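Source file: query17.tsv. Holds: TSV, C-alpha atoms.
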```tsv
chain	number	residue	atom	x	y	z
A	281	MET	CA	-2.07	-6.11	-21.45
A	282	SER	CA	-0.43	-6.97	-18.15
A	283	VAL	CA	1.88	-9.96	-17.93
A	284	THR	CA	1.08	-12.53	-15.24
A	285	SER	CA	4.11	-13.76	-13.34
A	286	VAL	CA	4.44	-17.47	-12.51
A	287	PRO	CA	6.54	-17.69	-9.31
A	288	ALA	CA	7.84	-21.22	-9.92
A	289	LEU	CA	9.01	-20.28	-13.43
A	290	ASP	CA	10.56	-17.06	-12.18
A	291	LYS	CA	12.57	-19.03	-9.62
A	292	THR	CA	13.59	-21.58	-12.22
A	293	PHE	CA	14.96	-18.91	-14.53
A	294	GLN	CA	16.73	-17.23	-11.61
A	295	ILE	CA	18.48	-20.52	-10.84
A	296	LEU	CA	19.42	-21.16	-14.48
A	297	ASP	CA	20.74	-17.61	-14.88
A	298	LEU	CA	22.83	-17.97	-11.72
A	299	ILE	CA	24.35	-21.27	-12.87
A	300	THR	CA	25.01	-19.77	-16.31
A	301	ASP	CA	26.71	-16.65	-14.97
A	302	SER	CA	28.80	-18.40	-12.32
A	303	LEU	CA	32.44	-19.13	-13.15
A	304	GLN	CA	32.29	-22.21	-10.94
A	305	PRO	CA	29.62	-24.92	-10.53
A	306	LEU	CA	27.34	-24.29	-7.54
A	307	THR	CA	25.86	-26.42	-4.77
A	308	ALA	CA	22.16	-26.33	-3.90
A	309	ALA	CA	22.97	-24.56	-0.61
A	310	HIS	CA	24.93	-21.85	-2.42
A	311	ILE	CA	22.11	-21.34	-4.96
A	312	SER	CA	19.51	-21.12	-2.20
A	313	LYS	CA	21.59	-18.58	-0.24
A	314	GLU	CA	22.58	-16.48	-3.27
A	315	LEU	CA	18.99	-16.13	-4.50
A	316	ASP	CA	17.40	-16.00	-1.06
A	317	LEU	CA	15.13	-18.92	-1.93
A	318	PRO	CA	13.78	-21.54	0.49
A	319	ARG	CA	15.92	-24.69	0.42
A	320	SER	CA	12.90	-26.87	-0.22
A	321	SER	CA	11.87	-24.85	-3.30
A	322	THR	CA	15.43	-24.81	-4.56
A	323	HIS	CA	15.74	-28.58	-4.12
A	324	ASN	CA	12.45	-29.27	-5.93
A	325	ILE	CA	13.34	-27.06	-8.89
A	326	LEU	CA	16.82	-28.53	-9.18
A	327	GLN	CA	15.39	-32.06	-9.17
A	328	SER	CA	12.96	-31.18	-11.97
A	329	LEU	CA	15.76	-29.65	-14.03
A	330	LEU	CA	17.93	-32.70	-13.42
A	331	ALA	CA	15.17	-35.03	-14.58
A	332	LYS	CA	14.96	-33.17	-17.91
A	333	HIS	CA	18.78	-32.96	-18.27
A	334	VAL	CA	18.59	-29.16	-18.32
A	335	ILE	CA	21.28	-29.33	-15.64
A	336	TYR	CA	23.49	-32.09	-14.28
A	337	LYS	CA	25.16	-32.75	-10.93
A	338	ASP	CA	28.79	-33.76	-10.54
A	339	THR	CA	30.33	-36.08	-7.94
A	340	GLU	CA	30.69	-33.15	-5.52
A	341	ASN	CA	26.98	-32.32	-5.74
A	342	ARG	CA	27.59	-29.16	-7.74
A	343	PHE	CA	25.31	-28.15	-10.60
A	344	HIS	CA	26.25	-27.44	-14.24
A	345	LEU	CA	24.24	-26.60	-17.36
A	346	GLY	CA	23.08	-29.81	-19.04
A	347	SER	CA	22.97	-31.27	-22.54
A	348	TYR	CA	19.25	-30.63	-23.08
A	349	LEU	CA	20.07	-26.96	-23.61
A	350	MET	CA	21.89	-27.98	-26.80
A	351	TYR	CA	18.63	-29.44	-28.07
A	352	TRP	CA	16.86	-26.13	-27.43
A	353	ALA	CA	19.71	-24.20	-29.01
A	354	GLY	CA	19.64	-26.43	-32.08
A	355	LYS	CA	15.89	-26.01	-32.50
A	356	TYR	CA	16.21	-22.26	-32.06
A	357	GLU	CA	18.89	-22.10	-34.77
A	358	GLN	CA	16.71	-24.13	-37.14
A	359	GLN	CA	13.91	-21.62	-36.68
A	360	GLN	CA	16.17	-18.68	-37.42
A	361	GLY	CA	16.55	-18.79	-41.20
A	362	VAL	CA	18.76	-15.74	-41.05
A	363	ILE	CA	21.49	-17.75	-39.28
A	364	GLN	CA	21.53	-20.38	-41.99
A	365	LEU	CA	21.57	-17.71	-44.68
A	366	PHE	CA	24.49	-15.97	-43.00
A	367	LYS	CA	26.53	-19.17	-42.95
A	368	GLU	CA	25.56	-20.09	-46.50
A	369	LEU	CA	26.10	-16.72	-48.20
A	370	ILE	CA	29.13	-15.25	-46.43
A	371	VAL	CA	31.43	-17.72	-48.20
A	372	GLN	CA	30.69	-15.86	-51.46
A	373	TYR	CA	32.53	-12.78	-50.17
A	374	PRO	CA	36.30	-13.41	-49.81
A	375	ILE	CA	36.99	-9.93	-48.44
A	376	LEU	CA	34.61	-10.56	-45.53
A	377	LEU	CA	36.15	-13.96	-44.78
A	378	GLN	CA	39.42	-12.19	-43.96
A	379	HIS	CA	37.76	-10.59	-40.94
A	380	THR	CA	35.55	-11.42	-37.97
A	381	VAL	CA	31.93	-11.08	-39.10
A	382	THR	CA	29.08	-11.30	-36.61
A	383	LEU	CA	25.32	-11.75	-36.81
A	384	SER	CA	23.17	-10.55	-33.94
A	385	LYS	CA	19.65	-9.58	-32.91
A	386	LEU	CA	18.22	-6.79	-30.77
A	387	ASP	CA	16.71	-7.84	-27.45
A	388	LEU	CA	15.47	-5.35	-24.84
A	389	GLY	CA	18.14	-2.75	-25.53
A	390	GLU	CA	20.93	-5.27	-25.87
A	391	VAL	CA	22.57	-7.03	-28.79
A	392	VAL	CA	22.67	-10.83	-28.58
A	393	PHE	CA	25.23	-12.51	-30.83
A	394	LEU	CA	23.72	-15.32	-32.91
A	395	ALA	CA	26.61	-16.47	-35.11
A	396	CYS	CA	30.17	-15.51	-35.94
A	397	HIS	CA	32.75	-16.09	-38.65
A	398	GLU	CA	36.07	-15.80	-36.82
A	399	ALA	CA	39.04	-14.09	-38.45
A	400	PRO	CA	42.43	-15.84	-38.29
A	401	ALA	CA	43.84	-12.97	-36.18
A	402	PRO	CA	42.36	-12.49	-32.68
A	403	LEU	CA	40.60	-9.24	-31.80
A	404	GLY	CA	40.58	-9.64	-28.04
A	405	PHE	CA	36.78	-9.61	-27.77
A	406	THR	CA	34.41	-12.56	-27.32
A	407	PHE	CA	31.70	-12.90	-29.96
A	408	ARG	CA	30.32	-16.30	-28.88
A	409	ALA	CA	26.63	-16.97	-29.57
A	410	GLY	CA	24.57	-15.77	-26.62
A	411	VAL	CA	26.96	-13.01	-25.50
A	412	ARG	CA	25.07	-9.77	-24.83
A	413	VAL	CA	26.27	-6.15	-24.97
A	414	PRO	CA	24.42	-2.80	-24.81
A	415	ALA	CA	23.07	-2.02	-28.29
A	416	VAL	CA	24.08	1.66	-28.10
A	417	PHE	CA	27.81	0.77	-28.22
A	418	SER	CA	27.62	-2.01	-30.82
A	419	SER	CA	27.70	-1.40	-34.57
A	420	THR	CA	24.97	-3.99	-35.17
A	421	GLY	CA	22.96	-2.53	-32.30
A	422	LYS	CA	23.20	0.99	-33.70
A	423	ALA	CA	22.26	-0.24	-37.17
A	424	MET	CA	19.10	-1.87	-35.82
A	425	LEU	CA	18.29	1.06	-33.51
A	426	SER	CA	18.54	3.45	-36.48
A	427	THR	CA	15.27	1.98	-37.82
A	428	LEU	CA	13.36	2.85	-34.63
A	429	SER	CA	12.02	6.12	-33.22
A	430	MET	CA	13.94	7.82	-30.40
A	431	GLU	CA	10.84	7.45	-28.23
A	432	ASN	CA	10.97	3.70	-28.72
A	433	ILE	CA	14.71	3.62	-28.06
A	434	LYS	CA	14.42	5.64	-24.84
A	435	SER	CA	11.73	3.27	-23.57
A	436	MET	CA	14.29	0.44	-23.77
A	437	TYR	CA	16.51	2.29	-21.31
A	438	ALA	CA	13.95	3.46	-18.78
A	439	THR	CA	16.48	3.09	-15.95
A	440	GLY	CA	18.99	5.36	-17.69
A	441	PHE	CA	21.51	5.42	-20.50
A	442	PRO	CA	24.01	2.51	-20.26
A	443	THR	CA	27.43	3.18	-18.76
A	444	PRO	CA	30.07	3.40	-21.54
A	445	MET	CA	32.32	0.35	-21.83
A	446	THR	CA	35.30	2.43	-23.05
A	447	PRO	CA	36.14	6.17	-23.03
A	448	ARG	CA	34.92	6.32	-26.64
A	449	GLY	CA	31.42	5.07	-25.85
A	450	VAL	CA	28.47	7.28	-26.74
A	451	LYS	CA	27.33	8.95	-23.52
A	452	ASN	CA	23.74	10.13	-23.95
A	453	PHE	CA	20.66	10.02	-26.15
A	454	THR	CA	21.50	13.28	-27.91
A	455	ASP	CA	24.85	11.96	-29.14
A	456	LEU	CA	23.27	8.62	-30.01
A	457	GLU	CA	20.58	10.36	-32.09
A	458	ALA	CA	23.27	12.11	-34.13
A	459	GLU	CA	24.99	8.78	-34.83
A	460	LEU	CA	21.71	7.16	-35.82
A	461	ALA	CA	20.93	9.97	-38.27
A	462	ASP	CA	24.18	9.23	-40.11
A	463	ILE	CA	23.28	5.54	-40.28
A	464	GLN	CA	19.85	6.33	-41.75
A	465	ASN	CA	21.60	8.09	-44.64
A	466	SER	CA	24.24	5.44	-45.34
A	467	ARG	CA	22.87	2.17	-43.90
A	468	ILE	CA	26.32	1.70	-42.31
A	469	SER	CA	26.97	2.04	-38.58
A	470	LEU	CA	30.28	2.41	-36.76
A	471	ASP	CA	31.62	1.21	-33.45
A	472	ASP	CA	34.87	3.17	-33.23
A	473	GLY	CA	36.32	1.48	-30.18
A	474	GLN	CA	33.15	1.66	-28.09
A	475	LEU	CA	33.06	-2.06	-27.24
A	476	ARG	CA	36.82	-2.49	-27.07
A	477	GLU	CA	39.51	0.16	-27.53
A	478	GLY	CA	41.39	-0.37	-30.78
A	479	MET	CA	38.64	-2.51	-32.34
A	480	TYR	CA	36.50	-0.91	-35.04
A	481	CYS	CA	33.28	-2.46	-36.40
A	482	LEU	CA	31.14	-1.57	-39.41
A	483	GLY	CA	27.55	-2.74	-39.24
A	484	THR	CA	24.25	-2.85	-41.09
A	485	TYR	CA	20.77	-4.33	-40.63
A	486	ILE	CA	18.76	-7.13	-42.28
A	487	ARG	CA	15.00	-7.02	-42.98
A	488	ASN	CA	12.51	-9.85	-43.48
A	489	ALA	CA	9.61	-10.16	-45.94
A	490	SER	CA	7.48	-7.84	-43.79
A	491	GLY	CA	10.14	-5.14	-43.82
A	492	ASN	CA	10.94	-5.64	-40.14
A	493	VAL	CA	14.57	-5.53	-39.04
A	494	ILE	CA	15.34	-8.97	-37.63
A	495	ALA	CA	19.13	-8.93	-37.34
A	496	GLY	CA	22.30	-6.92	-37.64
A	497	MET	CA	25.61	-7.88	-39.20
A	498	ALA	CA	29.06	-6.39	-38.58
A	499	VAL	CA	32.66	-6.68	-39.70
A	500	SER	CA	35.36	-6.09	-37.09
A	501	PHE	CA	38.88	-4.75	-37.63
A	502	LEU	CA	41.90	-3.54	-35.80
A	503	GLN	CA	41.98	0.25	-36.02
A	504	GLY	CA	44.70	0.36	-38.70
A	505	GLU	CA	42.81	-2.01	-41.00
A	506	TYR	CA	39.63	0.03	-40.71
A	507	GLU	CA	41.11	3.10	-42.40
A	508	LEU	CA	42.35	1.02	-45.33
A	509	LYS	CA	39.28	-1.14	-45.93
A	510	ARG	CA	36.19	0.68	-44.67
A	511	ALA	CA	34.87	1.80	-48.08
A	512	GLU	CA	35.23	-1.57	-49.80
A	513	VAL	CA	33.99	-3.57	-46.82
A	514	SER	CA	30.99	-1.26	-46.30
A	515	ALA	CA	29.86	-1.82	-49.89
A	516	VAL	CA	30.28	-5.60	-49.70
A	517	LEU	CA	28.54	-5.79	-46.31
A	518	ILE	CA	25.48	-3.97	-47.69
A	519	GLU	CA	25.54	-6.25	-50.75
A	520	LEU	CA	25.50	-9.34	-48.50
A	521	ALA	CA	22.70	-7.88	-46.34
A	522	LYS	CA	20.58	-7.15	-49.42
A	523	GLN	CA	21.16	-10.66	-50.75
A	524	MET	CA	20.02	-12.11	-47.42
A	525	GLU	CA	16.96	-9.83	-47.43
A	526	GLN	CA	16.05	-10.98	-50.93
A	527	ARG	CA	16.25	-14.61	-49.84
A	528	LEU	CA	14.07	-13.77	-46.82
A	529	GLY	CA	11.42	-12.30	-49.12
A	530	PHE	CA	12.02	-8.58	-48.60
A	531	CYS	CA	11.22	-6.42	-51.62
A	532	SER	CA	12.62	-2.88	-51.50
A	533	ASN	CA	11.03	0.11	-53.20
A	534	GLU	CA	14.17	0.40	-55.30
A	535	ALA	CA	13.34	-2.91	-56.96
A	536	LYS	CA	9.78	-1.91	-57.84
```
As structure tokens:
Amino acid sequence: MSVTSVPALDKTFQILDLITDSLQPLTAAHISKELDLPRSSTHNILQSLLAKHVIYKDTENRFHLGSYLMYWAGKYEQQQGVIQLFKELIVQYPILLQHTVTLSKLDLGEVVFLACHEAPAPLGFTFRAGVRVPAVFSSTGKAMLSTLSMENIKSMYATGFPTPMTPRGVKNFTDLEAELADIQNSRISLDDGQLREGMYCLGTYIRNASGNVIAGMAVSFLQGEYELKRAEVSAVLIELAKQMEQRLGFCSNEAK
């Protein structure tokens, strides 16, 4: 079924994306010029967004994201039971609390971070909710991709395989397929410095009552810690994932 585009909505999302991605607040004139939109259309959309508090305007007539987005974000989080389960259950696993643990979902070939337990020691990588990275380099992304066919995976990257973020990044579908085969056997994925050199992440996936993979979860280490703790952390990470799946209503064949 074809998707019908609504021009006014398309322009609205273009404006919101531009404001979100900009390091500095933007004026209406800058937004209009950057997106090649008529000034009148830009003005009308900005006024509608202002009225709903989706954006706000400062004293220099520059636009920022507004407080209403927090309402949407809060409602979204309420709907995602997996986020609440992650926050509730991770406290039962002291070994995981020593590290940065992330929860994410797969979206159009990218991983979107949903929640994060931050380790006391910094890793030098931002895991804030909403941050997106190519799934093929992320441990949670690879874990979730391992449950899909290669045909499905290739369709996500119709414009070509993503450019590696570090020299260690997987470079093509053939190499990715080999990594995914290992994950299918162990349920544990590995990012060995593919998102950030020197940072290693072990990941797995989480299924809902229908057996669909709805999220991925990963533990991040500095390279030296990984060698010492990978076996123990892998086992505990799978245990937590299975506990979350049970609470979500998933029933594995092993339990039957």
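Here atom CA of Gly483 of chain A is placed at a distance of 6.3 Å from atom CA of Leu470 of chain A.
The environment of Tyr348 of chain A within 12 Å, counting only C-alpha atoms and disregarding residues fewer than 6 places along the same chain, consists of A:Leu329, A:Leu330, A:Ala331, A:Lys332, A:His333, A:Val334, A:Ile335, A:Tyr336, A:Gly354, A:Lys355.
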Find, counting all atoms listed in the file, the residue in A:Val371, A:Leu306, A:Leu365, A:Val392 that gets nearest to His344 of chain A. A:Leu306
Might you pull out every residue within 8 Å of Glu398 of chain A, with only C-alpha atoms counted and same-chain residues fewer than 4 positions away left off, and present them as a list in words? His379, Thr380 and Val381 of chain A
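Proximity of A:Ile433, A:Leu377, A:Val493, A:Leu349 to Leu460 of chain A, computed with only C-alpha atoms, is greatest for A:Ile433.
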One decimal place gives the atom CA of Asp472 of chain A-atom CA of Leu456 of chain A separation as 13.2 Å
Long-range neighbours of Leu520 of chain A as a PyMOL selection string, 9 Å cut-off, all atoms listed in the file, 3 positions minimum in chain: chain A and resi 366+369-370+372-373+515-517+523-525
With all atoms listed in the file as the counted atoms, please give the residues lying no more than 6 Å from Asp471 of chain A, apart from itself and same-chain residues fewer than 6 positions off, as JSON, numbers by chain. {"A": [418, 419, 480, 481]}
For Lys385 of chain A, find every residue with an atom within 7 Å (counting all atoms listed in the file), except residues of its own chain fewer than 6 positions away, and show them as a ChimeraX atom specification. /A:391-393,494-496
Of the candidates A:Ala399, A:Tyr485, A:Asp338, A:Gln378, which one gets nearest to Val513 of chain A if we count only C-alpha atoms? A:Gln378
